[in-house]
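A.B. asks: The file below is coords_23.txt, compact mmCIF, C-alpha atoms and all ligand atoms:
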# COMPACT_ATOMS: atom_id res chain seq x y z
CA MET A 1 34.88 40.08 208.45
CA LYS A 2 33.20 38.37 211.37
CA GLU A 3 34.50 38.36 214.95
CA SER A 4 35.35 34.67 214.73
CA ILE A 5 37.48 32.74 212.31
CA LEU A 6 37.76 28.98 211.86
CA ILE A 7 41.10 27.66 210.61
CA GLN A 8 39.86 24.48 209.00
CA GLY A 9 41.46 21.14 208.15
CA GLY A 10 45.14 21.92 208.76
CA GLN A 11 47.76 19.84 210.51
CA ILE A 12 47.72 21.39 213.98
CA ILE A 13 51.07 21.14 215.75
CA ASP A 14 51.21 22.57 219.27
CA PRO A 15 54.21 21.21 221.21
CA SER A 16 53.00 22.97 224.38
CA GLN A 17 50.06 20.54 224.53
CA GLY A 18 51.63 17.61 222.71
CA ILE A 19 49.19 18.01 219.81
CA ASP A 20 50.00 16.88 216.26
CA ALA A 21 46.76 16.12 214.42
CA ILE A 22 44.58 17.15 211.52
CA GLY A 23 41.85 19.41 212.86
CA SER A 24 40.36 22.86 213.15
CA LEU A 25 40.96 25.84 215.35
CA LEU A 26 38.39 28.49 216.26
CA ILE A 27 39.42 32.00 217.17
CA SER A 28 36.97 34.38 218.84
CA GLU A 29 37.52 37.85 220.27
CA GLY A 30 41.28 37.61 219.90
CA LYS A 31 41.59 34.34 221.79
CA ILE A 32 41.83 30.65 220.99
CA SER A 33 38.32 29.47 221.79
CA TRP A 34 38.15 25.88 220.54
CA LEU A 35 40.34 23.18 219.04
CA GLY A 36 38.75 20.19 217.36
CA LYS A 37 40.34 17.09 215.90
CA GLY A 38 39.43 15.48 212.56
CA GLU A 39 36.04 16.53 211.19
CA GLU A 40 34.70 17.94 214.47
CA THR A 41 32.76 21.16 214.05
CA PRO A 42 32.83 24.08 216.47
CA PRO A 43 30.19 24.65 219.14
CA GLN A 44 29.11 28.01 217.65
CA PRO A 45 27.82 28.61 214.11
CA ASP A 46 28.95 32.11 213.18
CA TYR A 47 32.47 32.42 211.76
CA ASP A 48 34.59 33.00 208.67
CA ILE A 49 36.55 30.05 207.32
CA LEU A 50 40.20 29.90 206.41
CA ASN A 51 40.93 26.67 204.55
CA ALA A 52 44.21 25.27 205.86
CA LYS A 53 44.17 21.91 204.10
CA GLY A 54 47.75 20.78 203.42
CA LEU A 55 49.15 23.47 205.70
CA ILE A 56 50.71 23.42 209.16
CA VAL A 57 48.87 25.39 211.86
CA CYS A 58 50.96 26.18 214.95
CA PRO A 59 51.38 28.79 217.68
CA GLY A 60 52.80 32.10 216.41
CA PHE A 61 56.59 32.12 216.40
CA ILE A 62 58.44 34.00 219.13
CA ASP A 63 61.78 35.65 218.37
CA LEU A 64 63.83 36.29 221.49
CA HIS A 65 66.50 38.22 219.60
CA CYS A 66 65.98 40.87 216.95
CA HIS A 67 67.07 44.40 216.18
CA LEU A 68 64.34 46.89 215.29
CA ARG A 69 66.81 49.82 215.14
CA GLN A 70 64.33 52.38 216.52
CA PRO A 71 65.10 54.88 218.00
CA GLY A 72 68.09 56.24 216.15
CA ASP A 73 68.63 54.12 213.04
CA GLU A 74 65.26 54.42 211.33
CA GLU A 75 66.87 54.25 207.88
CA LYS A 76 67.81 50.62 208.69
CA GLU A 77 64.49 49.58 210.28
CA THR A 78 61.59 50.87 212.35
CA ILE A 79 59.15 49.24 214.71
CA ALA A 80 56.58 49.44 211.88
CA SER A 81 58.77 47.88 209.18
CA GLY A 82 60.42 45.35 211.50
CA THR A 83 57.14 44.05 212.88
CA SER A 84 55.72 43.89 209.37
CA ALA A 85 58.71 41.69 208.43
CA ALA A 86 58.03 39.64 211.55
CA ALA A 87 54.41 39.06 210.50
CA ARG A 88 55.56 37.86 207.07
CA GLY A 89 58.02 35.53 208.73
CA GLY A 90 55.34 34.01 210.98
CA PHE A 91 56.51 35.76 214.16
CA THR A 92 53.79 37.13 216.43
CA THR A 93 56.14 38.15 219.25
CA VAL A 94 59.55 39.77 218.83
CA CYS A 95 61.92 40.80 221.59
CA CYS A 96 63.97 43.82 220.58
CA MET A 97 67.58 44.33 221.59
CA PRO A 98 68.54 47.59 223.33
CA ASN A 99 71.48 48.60 221.11
CA THR A 100 69.51 51.51 219.70
CA ASN A 101 70.50 55.15 219.74
CA PRO A 102 70.02 56.13 222.51
CA PRO A 103 70.21 52.66 224.05
CA LEU A 104 67.29 51.20 226.02
CA ASP A 105 68.89 51.66 229.43
CA ASN A 106 66.15 53.59 231.24
CA GLN A 107 62.41 53.66 231.83
CA THR A 108 61.68 56.49 229.35
CA ALA A 109 63.32 54.55 226.54
CA ILE A 110 61.30 51.44 227.37
CA GLU A 111 58.10 53.50 227.51
CA PHE A 112 58.92 54.80 224.02
CA ILE A 113 59.24 51.26 222.65
CA LYS A 114 56.00 50.22 224.31
CA SER A 115 53.95 53.18 223.09
CA ARG A 116 55.39 53.06 219.55
CA SER A 117 54.72 49.32 219.31
CA ALA A 118 51.17 49.80 220.54
CA LEU A 119 50.63 52.39 217.79
CA GLU A 120 52.56 50.93 214.87
CA GLY A 121 53.48 47.36 215.71
CA MET A 122 51.94 44.62 213.58
CA VAL A 123 52.86 42.06 216.24
CA ARG A 124 53.79 42.04 219.94
CA VAL A 125 57.06 43.75 220.81
CA LEU A 126 58.73 42.91 224.12
CA PRO A 127 61.71 45.11 224.96
CA ILE A 128 65.04 43.97 226.37
CA GLY A 129 66.86 46.46 228.62
CA CYS A 130 70.59 47.16 228.83
CA ILE A 131 72.87 45.49 231.35
CA SER A 132 75.13 48.53 231.61
CA LYS A 133 74.51 52.27 231.33
CA GLY A 134 74.84 53.27 227.68
CA ARG A 135 75.98 49.68 226.94
CA LYS A 136 79.43 50.90 227.88
CA GLY A 137 80.27 48.09 230.27
CA GLY A 138 81.17 50.52 233.05
CA GLU A 139 78.34 50.52 235.57
CA LEU A 140 75.05 48.69 235.80
CA ALA A 141 71.94 50.22 234.26
CA GLU A 142 69.01 50.80 236.63
CA MET A 143 67.97 47.18 236.39
CA GLY A 144 65.19 47.50 238.97
CA GLU A 145 63.61 50.42 237.12
CA LEU A 146 63.93 48.53 233.84
CA ALA A 147 62.34 45.43 235.34
CA LEU A 148 59.42 47.49 236.61
CA SER A 149 58.92 49.10 233.20
CA GLY A 150 58.44 45.65 231.66
CA VAL A 151 61.68 44.46 230.06
CA ILE A 152 61.80 40.69 229.59
CA ALA A 153 65.58 40.38 229.88
CA PHE A 154 68.82 42.34 230.11
CA SER A 155 71.51 42.46 227.44
CA ASP A 156 74.30 44.63 226.05
CA ASP A 157 74.01 42.63 222.80
CA GLY A 158 76.33 43.75 220.05
CA GLU A 159 78.96 44.10 222.75
CA PRO A 160 80.10 41.68 225.44
CA VAL A 161 80.28 42.63 229.11
CA PRO A 162 84.08 42.84 229.40
CA SER A 163 84.20 43.07 233.19
CA SER A 164 83.65 39.79 235.04
CA HIS A 165 82.74 41.79 238.11
CA LEU A 166 79.96 43.67 236.30
CA MET A 167 78.62 40.45 234.82
CA ARG A 168 78.59 38.93 238.30
CA GLN A 169 76.59 41.90 239.60
CA ALA A 170 74.16 41.72 236.67
CA LEU A 171 73.47 38.04 237.27
CA ASP A 172 73.09 38.72 240.99
CA TYR A 173 70.54 41.53 240.52
CA SER A 174 68.62 39.79 237.74
CA ARG A 175 67.89 36.93 240.13
CA ALA A 176 65.74 39.24 242.22
CA PHE A 177 63.53 39.94 239.17
CA ASP A 178 63.70 36.39 237.81
CA LEU A 179 64.75 37.78 234.44
CA PRO A 180 67.52 36.31 232.26
CA VAL A 181 70.74 38.05 231.30
CA ILE A 182 71.25 37.56 227.56
CA ASP A 183 74.92 37.16 226.86
CA HIS A 184 76.76 38.23 223.71
CA CYS A 185 79.86 36.10 224.16
CA GLU A 186 82.93 37.70 222.62
CA GLU A 187 86.44 38.17 223.99
CA LYS A 188 87.29 41.42 222.22
CA ALA A 189 91.03 41.01 222.64
CA LEU A 190 90.74 38.10 220.19
CA THR A 191 88.24 39.60 217.72
CA GLU A 192 89.73 43.05 217.11
CA GLY A 193 89.60 43.68 213.35
CA GLY A 194 88.13 40.22 212.76
CA GLN A 195 85.97 39.78 209.68
CA MET A 196 85.05 36.10 209.45
CA ASN A 197 85.69 32.67 210.97
CA GLU A 198 89.38 32.05 211.52
CA GLY A 199 90.68 29.17 209.44
CA VAL A 200 91.97 28.13 206.04
CA ILE A 201 89.43 30.24 204.17
CA SER A 202 90.15 33.45 206.09
CA THR A 203 93.86 32.96 205.36
CA ARG A 204 93.17 32.35 201.68
CA LEU A 205 90.91 35.40 201.41
CA GLY A 206 93.31 37.58 203.36
CA LEU A 207 90.64 38.50 205.91
CA ARG A 208 91.41 38.66 209.62
CA GLY A 209 89.84 35.74 211.44
CA ILE A 210 87.64 35.44 214.52
CA PRO A 211 88.61 32.25 216.37
CA SER A 212 86.06 29.98 218.04
CA ALA A 213 87.97 30.54 221.28
CA ALA A 214 86.84 34.19 221.35
CA GLU A 215 83.28 32.96 221.92
CA GLU A 216 84.09 29.95 224.08
CA ILE A 217 86.22 31.88 226.58
CA MET A 218 83.25 34.12 227.37
CA VAL A 219 80.78 31.24 227.44
CA ALA A 220 83.03 29.48 229.98
CA ARG A 221 83.47 32.62 232.09
CA ASP A 222 79.79 33.41 232.24
CA LEU A 223 78.77 29.82 232.99
CA ALA A 224 81.11 30.02 235.96
CA LEU A 225 79.47 33.29 237.03
CA ALA A 226 75.99 31.83 236.60
CA GLU A 227 77.04 28.98 238.86
CA LEU A 228 78.51 31.39 241.40
CA THR A 229 75.44 33.66 241.54
CA GLY A 230 72.56 31.31 240.75
CA GLY A 231 71.40 33.89 238.18
CA ARG A 232 69.69 33.01 234.90
CA LEU A 233 72.05 33.16 231.95
CA HIS A 234 70.91 32.99 228.33
CA ILE A 235 73.64 32.57 225.73
CA ALA A 236 72.84 34.39 222.49
CA HIS A 237 73.73 33.15 218.99
CA VAL A 238 75.83 30.09 219.88
CA SER A 239 78.04 29.38 216.88
CA THR A 240 80.73 26.84 217.80
CA GLU A 241 81.02 23.18 218.68
CA GLY A 242 83.03 24.11 221.77
CA SER A 243 80.29 26.39 223.09
CA VAL A 244 77.72 23.62 222.68
CA ASP A 245 79.94 21.28 224.72
CA LEU A 246 80.40 23.86 227.48
CA ILE A 247 76.67 24.52 227.74
CA ARG A 248 75.87 20.82 227.73
CA ARG A 249 78.22 20.21 230.66
CA ALA A 250 76.87 23.24 232.55
CA LYS A 251 73.31 21.96 232.19
CA GLU A 252 74.39 18.56 233.49
CA LYS A 253 75.73 20.36 236.57
CA GLY A 254 72.39 22.11 237.07
CA ILE A 255 73.55 25.63 236.19
CA LYS A 256 70.64 27.86 235.17
CA VAL A 257 71.50 28.40 231.53
CA THR A 258 69.52 28.51 228.31
CA ALA A 259 70.85 29.03 224.80
CA GLU A 260 69.84 30.07 221.32
CA VAL A 261 71.10 29.49 217.79
CA THR A 262 70.24 31.45 214.64
CA PRO A 263 68.94 30.05 211.34
CA HIS A 264 72.07 31.28 209.55
CA HIS A 265 74.48 29.56 211.94
CA LEU A 266 72.47 26.36 211.45
CA THR A 267 72.40 26.41 207.67
CA LEU A 268 75.33 28.43 206.24
CA THR A 269 79.09 27.96 206.48
CA GLU A 270 82.06 30.30 206.18
CA GLU A 271 82.23 29.36 202.49
CA LYS A 272 79.45 31.93 201.95
CA VAL A 273 82.13 34.58 202.45
CA ILE A 274 84.14 33.42 199.43
CA GLY A 275 83.39 36.10 196.85
CA TYR A 276 83.45 38.71 199.61
CA ASP A 277 79.67 39.02 199.88
CA THR A 278 79.27 41.55 202.71
CA ASN A 279 75.77 40.17 203.30
CA ALA A 280 77.43 37.05 204.71
CA LYS A 281 79.37 39.13 207.24
CA VAL A 282 77.86 38.49 210.62
CA ASN A 283 78.93 38.37 214.26
CA PRO A 284 79.59 35.73 215.46
CA PRO A 285 80.77 34.65 212.00
CA LEU A 286 79.45 31.78 209.93
CA ARG A 287 81.50 28.76 210.97
CA THR A 288 82.13 25.25 209.59
CA LYS A 289 80.16 22.10 208.75
CA LYS A 290 81.49 20.52 211.95
CA ASP A 291 80.07 23.38 214.03
CA ILE A 292 76.70 23.10 212.27
CA LYS A 293 76.59 19.40 213.07
CA ALA A 294 77.22 20.16 216.76
CA LEU A 295 74.60 22.94 216.81
CA ILE A 296 71.95 20.63 215.34
CA GLN A 297 72.93 17.93 217.83
CA GLY A 298 72.57 20.59 220.55
CA LEU A 299 69.04 21.40 219.42
CA ASN A 300 68.10 17.74 219.34
CA ASP A 301 69.37 16.96 222.85
CA ASN A 302 68.03 20.26 224.28
CA THR A 303 71.44 21.72 225.05
CA ILE A 304 70.22 24.56 222.82
CA ASP A 305 66.73 25.57 223.88
CA ILE A 306 65.54 27.86 221.13
CA ILE A 307 66.07 29.31 217.67
CA ALA A 308 66.22 33.13 217.43
CA THR A 309 66.84 35.17 214.30
CA ASP A 310 69.27 37.90 215.43
CA HIS A 311 67.54 39.87 212.64
CA ALA A 312 70.03 42.68 212.01
CA PRO A 313 68.87 44.95 209.19
CA HIS A 314 71.22 47.39 207.44
CA THR A 315 70.79 49.73 204.46
CA GLU A 316 72.15 48.79 201.06
CA ALA A 317 74.65 51.61 201.32
CA ASP A 318 75.92 50.22 204.64
CA LYS A 319 76.76 46.90 203.02
CA LEU A 320 77.86 48.22 199.62
CA CYS A 321 81.50 48.68 200.52
CA GLU A 322 84.73 46.79 201.10
CA PHE A 323 84.35 43.72 203.25
CA ASP A 324 86.49 45.18 206.03
CA LEU A 325 84.27 48.25 206.32
CA ALA A 326 80.85 46.58 206.19
CA PRO A 327 78.80 46.26 209.38
CA PHE A 328 77.94 42.82 210.76
CA GLY A 329 74.42 41.45 210.40
CA ILE A 330 71.84 39.54 208.38
CA SER A 331 68.20 40.47 207.81
CA GLY A 332 66.60 37.23 208.92
CA LEU A 333 62.94 37.45 209.89
CA GLU A 334 61.52 36.70 206.45
CA THR A 335 63.78 33.77 205.54
CA ALA A 336 63.93 32.06 208.94
CA LEU A 337 61.26 29.42 208.37
CA GLY A 338 62.34 28.59 204.80
CA SER A 339 65.95 28.21 205.90
CA LEU A 340 65.10 26.08 208.92
CA MET A 341 62.79 23.81 206.94
CA SER A 342 65.86 22.64 204.98
CA LEU A 343 66.91 20.86 208.21
CA VAL A 344 63.50 19.19 208.42
CA HIS A 345 63.52 18.17 204.75
CA GLY A 346 67.07 16.87 205.21
CA GLY A 347 66.00 14.68 208.14
CA GLU A 348 68.26 16.46 210.63
CA LEU A 349 65.54 18.06 212.77
CA GLY A 350 61.97 16.92 213.43
CA LEU A 351 59.15 19.27 212.44
CA VAL A 352 57.66 19.21 215.95
CA THR A 353 61.08 19.96 217.49
CA LEU A 354 61.57 22.88 215.11
CA ILE A 355 58.17 24.34 216.03
CA ALA A 356 58.87 23.87 219.77
CA LYS A 357 62.13 25.81 219.42
CA LEU A 358 60.17 28.71 217.90
CA THR A 359 57.11 28.68 220.16
CA ASN A 360 56.74 27.15 223.64
CA GLU A 361 60.48 27.00 224.36
CA PRO A 362 61.10 30.74 223.93
CA ALA A 363 57.83 31.39 225.81
CA ARG A 364 59.30 29.49 228.75
CA ILE A 365 62.35 31.77 228.82
CA ILE A 366 60.25 34.94 228.63
CA SER A 367 58.89 34.39 232.16
CA ASN A 368 55.61 33.74 233.83
CA LYS A 369 53.89 37.03 233.10
CA TYR A 370 53.65 35.93 229.47
CA ALA A 371 53.12 32.23 230.14
CA LYS A 372 50.18 32.08 227.75
CA LEU A 373 52.41 32.74 224.76
CA GLY A 374 53.59 30.01 222.42
CA THR A 375 50.50 27.83 222.83
CA LEU A 376 47.17 27.11 221.17
CA ALA A 377 45.56 26.34 224.54
CA THR A 378 41.98 27.57 224.94
CA GLY A 379 41.96 31.11 226.32
CA ALA A 380 45.47 31.97 225.09
CA PRO A 381 45.94 35.00 222.81
CA ALA A 382 45.13 33.91 219.25
CA ASP A 383 48.67 34.10 217.90
CA VAL A 384 48.79 31.58 215.08
CA THR A 385 51.17 30.84 212.23
CA ILE A 386 50.05 28.92 209.16
CA PHE A 387 52.70 27.63 206.78
CA ASP A 388 53.18 25.42 203.76
CA PRO A 389 56.05 23.04 204.55
CA ALA A 390 56.67 22.13 200.91
CA LEU A 391 56.13 25.33 198.93
CA GLU A 392 59.24 26.33 196.99
CA TRP A 393 60.05 29.99 196.55
CA VAL A 394 62.97 32.19 195.58
CA VAL A 395 64.34 34.76 198.03
CA GLU A 396 63.94 38.24 196.59
CA PRO A 397 65.23 40.81 199.09
CA LYS A 398 63.42 43.60 197.23
CA ALA A 399 60.13 41.99 198.23
CA PHE A 400 61.04 42.02 201.95
CA ALA A 401 58.88 44.11 204.26
CA SER A 402 62.04 44.74 206.27
CA LYS A 403 64.05 47.77 205.26
CA GLY A 404 67.07 45.50 205.59
CA LYS A 405 67.61 43.70 202.27
CA ASN A 406 70.92 42.33 203.55
CA THR A 407 70.66 38.58 203.11
CA PRO A 408 73.23 36.13 201.74
CA LEU A 409 70.27 34.08 200.44
CA ALA A 410 69.25 36.40 197.58
CA GLY A 411 68.21 34.37 194.54
CA GLU A 412 68.26 31.07 196.44
CA GLU A 413 65.35 28.66 196.51
CA LEU A 414 63.84 27.77 199.88
CA LYS A 415 61.24 25.09 200.54
CA GLY A 416 58.66 26.09 203.16
CA ARG A 417 56.80 29.36 203.38
CA VAL A 418 54.56 31.24 205.80
CA MET A 419 51.07 31.57 204.29
CA ALA A 420 49.26 33.48 207.04
CA THR A 421 49.97 35.02 210.42
CA ILE A 422 47.32 35.82 212.99
CA TYR A 423 48.12 38.10 215.90
CA GLN A 424 45.58 38.39 218.71
CA GLY A 425 42.88 37.12 216.38
CA LYS A 426 43.70 39.49 213.50
CA LEU A 427 45.15 38.41 210.16
CA VAL A 428 48.31 40.52 210.03
CA TYR A 429 49.74 38.73 207.02
CA LYS A 430 48.32 36.46 204.38
CA ASP A 431 49.60 35.13 201.09
CA ASP A 432 47.42 35.99 198.09
CA SER A 433 46.53 32.32 197.63
CA ILE A 434 44.79 32.17 201.05
CA LYS A 435 41.10 32.93 200.86
CA VAL A 436 38.86 33.62 203.82
CA LYS A 437 35.20 32.69 203.24
CA GLU A 438 32.05 33.41 205.17
CA SER A 439 30.44 30.26 206.51
ZN ZN A 501 75.06 39.62 219.61
Show me this structure written as structure tokens.

C.D. replies:
Amino acid sequence: MKESILIQGGQIIDPSQGIDAIGSLLISEGKISWLGKGEETPPQPDYDILNAKGLIVCPGFIDLHCHLRQPGDEEKETIASGTSAAARGGFTTVCCMPNTNPPLDNQTAIEFIKSRSALEGMVRVLPIGCISKGRKGGELAEMGELALSGVIAFSDDGEPVPSSHLMRQALDYSRAFDLPVIDHCEEKALTEGGQMNEGVISTRLGLRGIPSAAEEIMVARDLALAELTGGRLHIAHVSTEGSVDLIRRAKEKGIKVTAEVTPHHLTLTEEKVIGYDTNAKVNPPLRTKKDIKALIQGLNDNTIDIIATDHAPHTEADKLCEFDLAPFGISGLETALGSLMSLVHGGELGLVTLIAKLTNEPARIISNKYAKLGTLATGAPADVTIFDPALEWVVEPKAFASKGKNTPLAGEELKGRVMATIYQGKLVYKDDSIKVKES
């Protein structure tokens, strides 16, 4: 293959530059080198051609929230398998949560992630460091050391920060580094033993419920602390109507808060749990149609800034047990786009908005060092996702690159599929139907 590749005749959508037009994109030496509209031809002659007619061409997706499980739980996922799943899902940057074993709460651990990703990663991996030592909620991790080693945020994800005082300190310190604190909002006193959303269905199934209030209490507390400290707060996996309202009001007041929602909380309800499918067990739990409506409204009015997968792979054995004993989590990288496109096809979310929530919006949260992510601007790293918005396909977990086959979507038909992913100018994934020709 040549050094340069021309992605020809696709519908180029780049929200960072306000571009939505048929055209061609030239990639040279790992960078975006030219973007031409209509039939324009590039200024240089020597390149391979990827025919993108009928396909969407956009900046590579950025996932601010995923679990790669390495070190410590390599049977669930590794940096190699997780980034391979990311490439198939159209993600060229993934930010990995620090709830590994041992947790990412020191410089050595971050160096491990960076060196492993450089060796085995199919796409860019940006680590997130712990808020507290060992994620135990007792004392702060060495946040300064973590910031210097290159973390893009702090989080104890998987667990909340129970102490208001510690959360206050974290938000205070993070301000000095201009890095966000990513908040897993859960009041544990209300979720102990909880299995699914609390309501009529949990009662009928005889499963202990997790009330919306368990999330909203923490959202409210931490918005108050963000206001007090002026620190940057990012609320992970928002799942309830009440949380959306709280965040909306906080933004109106000028509090520095951003928020994310997952594809599963946008497209699936608690009814998925009927039948006790452990693959539908996730934290926070799948909620109701009313919550979904509020979450979509939140995306559309920018109360919710981004979509992140919360990709949480588990082994089959982990999930093959009684509902009460199964771990929480959905393997989401490879079904994200197909799931989300159902909102576009249903007229609930615009295609450009969807792409913005997966590209330039997360890039904005990741901070200035990486400002060239999430864009097809000339000179930016050539991270490009090419997808067919209308292709119908059936979810087969066995075909996942992720080790985590735990999806509640097995056997379901999705409309919209990633056809090729380019990371720093290299094709890291392509569907068999995509041919690259020499010019
Ligand atoms: Zn979480």

A.B. asks: I'd like the contact shell of A:Ala380 - 6 Å cut-off, only C-alpha atoms, skipping same-chain residues fewer than 3 positions apart - returned as a PDB file with C-alpha atoms, in the coordinates of the input.

C.D. replies:
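In the end it all went to result.pdb:
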ATOM      1  CA  LYS A  31      41.590  34.340 221.790  1.00  0.00           C
ATOM      2  CA  ILE A  32      41.830  30.650 220.990  1.00  0.00           C
ATOM      3  CA  LYS A 372      50.180  32.080 227.750  1.00  0.00           C
ATOM      4  CA  ALA A 377      45.560  26.340 224.540  1.00  0.00           C
TER       5      ALA A 377
END

A.B. asks: Pick out the residues sitting within 7 Å of A:Ile12, and hand them over as an MDAnalysis selection string; count only C-alpha atoms, and ignore anything fewer than 4 positions along from it in its own chain.

C.D. replies: chainID A and resid 19:23 56:58

A.B. asks: Which residues come within 6 Å of stretch 120-130 of chain A, counting only C-alpha atoms, excluding same-chain residues fewer than 2 positions away, as an MDAnalysis selection string?

C.D. replies: chainID A and resid 80 83:84 92:98 104:105 116:118 132 151:156

A.B. asks: Write the residues of the selection above to a file with C-alpha atoms, as an mmCIF file, keeping the file's coordinate frame.

C.D. replies:
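Result file is out.cif:
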data_model
loop_
_atom_site.group_PDB
_atom_site.id
_atom_site.type_symbol
_atom_site.label_atom_id
_atom_site.label_comp_id
_atom_site.auth_asym_id
_atom_site.auth_seq_id
_atom_site.Cartn_x
_atom_site.Cartn_y
_atom_site.Cartn_z
ATOM 1 C CA ALA A 80 56.580 49.440 211.880
ATOM 2 C CA THR A 83 57.140 44.050 212.880
ATOM 3 C CA SER A 84 55.720 43.890 209.370
ATOM 4 C CA THR A 92 53.790 37.130 216.430
ATOM 5 C CA THR A 93 56.140 38.150 219.250
ATOM 6 C CA VAL A 94 59.550 39.770 218.830
ATOM 7 C CA CYS A 95 61.920 40.800 221.590
ATOM 8 C CA CYS A 96 63.970 43.820 220.580
ATOM 9 C CA MET A 97 67.580 44.330 221.590
ATOM 10 C CA PRO A 98 68.540 47.590 223.330
ATOM 11 C CA LEU A 104 67.290 51.200 226.020
ATOM 12 C CA ASP A 105 68.890 51.660 229.430
ATOM 13 C CA ARG A 116 55.390 53.060 219.550
ATOM 14 C CA SER A 117 54.720 49.320 219.310
ATOM 15 C CA ALA A 118 51.170 49.800 220.540
ATOM 16 C CA SER A 132 75.130 48.530 231.610
ATOM 17 C CA VAL A 151 61.680 44.460 230.060
ATOM 18 C CA ILE A 152 61.800 40.690 229.590
ATOM 19 C CA ALA A 153 65.580 40.380 229.880
ATOM 20 C CA PHE A 154 68.820 42.340 230.110
ATOM 21 C CA SER A 155 71.510 42.460 227.440
ATOM 22 C CA ASP A 156 74.300 44.630 226.050
#

A.B. asks: Dump as CSV the rows for residues of chain A within 9 Å of ligand ZN 501 (chain A): closest atom pair and distance in Å with one decimal, only C-alpha atoms and all ligand atoms counted, ordered by chain and rising residue number.

C.D. replies:
residue,atom,partner,partner_atom,distance
A:His65,CA,A:ZN501,ZN,8.7
A:Asp156,CA,A:ZN501,ZN,8.2
A:Asp157,CA,A:ZN501,ZN,4.5
A:Gly158,CA,A:ZN501,ZN,4.3
A:Glu159,CA,A:ZN501,ZN,6.7
A:Pro160,CA,A:ZN501,ZN,8.0
A:Asp183,CA,A:ZN501,ZN,7.7
A:His184,CA,A:ZN501,ZN,4.7
A:Cys185,CA,A:ZN501,ZN,7.5
A:Glu186,CA,A:ZN501,ZN,8.6
A:Ala236,CA,A:ZN501,ZN,6.4
A:His237,CA,A:ZN501,ZN,6.6
A:Asn283,CA,A:ZN501,ZN,6.7
A:Pro284,CA,A:ZN501,ZN,7.3
A:Asp310,CA,A:ZN501,ZN,7.3

A.B. asks: Pick out the closest residue to A:Glu361 from this set: A:Asp73, A:Asp277, A:Asp305, A:Asp324. Count all atoms listed in the file.

C.D. replies: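 Distance minimum relative to A:Glu361 lands on A:Asp305.
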
A.B. asks: May I ask for the distance between atom CA of A:Glu40 and atom CA of A:Gly54, given in Å to one decimal place?

C.D. replies: 17.3 Å

A.B. asks: Kindly list the centre and edge lengths in Å, rounded to one decimal, for the axis-aligned box that covers all listed atoms of stretch 132-142 of chain A plus 3 Å on each of its six sides, as AutoDock Vina command-line options.

C.D. replies:
--center_x 75.1 --center_y 50.7 --center_z 231.8 --size_x 18.2 --size_y 11.2 --size_z 15.7

A.B. asks: What is the atom CA of A:Ala410 to atom CA of A:Thr278 distance in Å?

C.D. replies: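 Computing the Euclidean distance for atom CA of A:Ala410 and atom CA of A:Thr278 yields 12.4 Å.
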
A.B. asks: Tell me, in Å to one decimal, how far atom CA of A:Gly206 is from atom CA of A:Glu316.

C.D. replies: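 So the two atoms, atom CA of A:Gly206 and atom CA of A:Glu316, lie 24.1 Å apart.
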
A.B. asks: Neighbours of stretch 67-72 of chain A within 8 Å (only C-alpha atoms; same-chain residues fewer than 3 positions away dropped), as number ranges by chain?

C.D. replies: A: 76-79, 82, 96-102, 310-313

A.B. asks: Which residue out of A:Met341, A:Leu286, A:Ala356, A:Met167 has the minimum interatomic distance to A:Asn300 when only C-alpha atoms are used?

C.D. replies: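 When distances to A:Asn300 are compared using only C-alpha atoms, the smallest one comes from A:Ala356.
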
A.B. asks: Neighbours of A:Ala214 within 6 Å (only C-alpha atoms; same-chain residues fewer than 2 positions away dropped), as a list in words?

C.D. replies: Glu186, Glu187, Leu190, Pro211, Ser212, Glu216 and Ile217 of chain A

A.B. asks: So, with only C-alpha atoms as the atoms that count, which of A:Gln169, A:Ala390, A:Pro408, A:Lys251 lies closest to A:Leu228?

C.D. replies: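 Among A:Gln169, A:Ala390, A:Pro408, A:Lys251, it is A:Gln169 that comes nearest to A:Leu228.
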
A.B. asks: Which of these residues is nearest to A:Glu260, using all atoms listed in the file: A:Leu146, A:Ile307, A:Val436, A:Val244?

C.D. replies: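 That would be A:Ile307, the residue with the smallest distance to A:Glu260.
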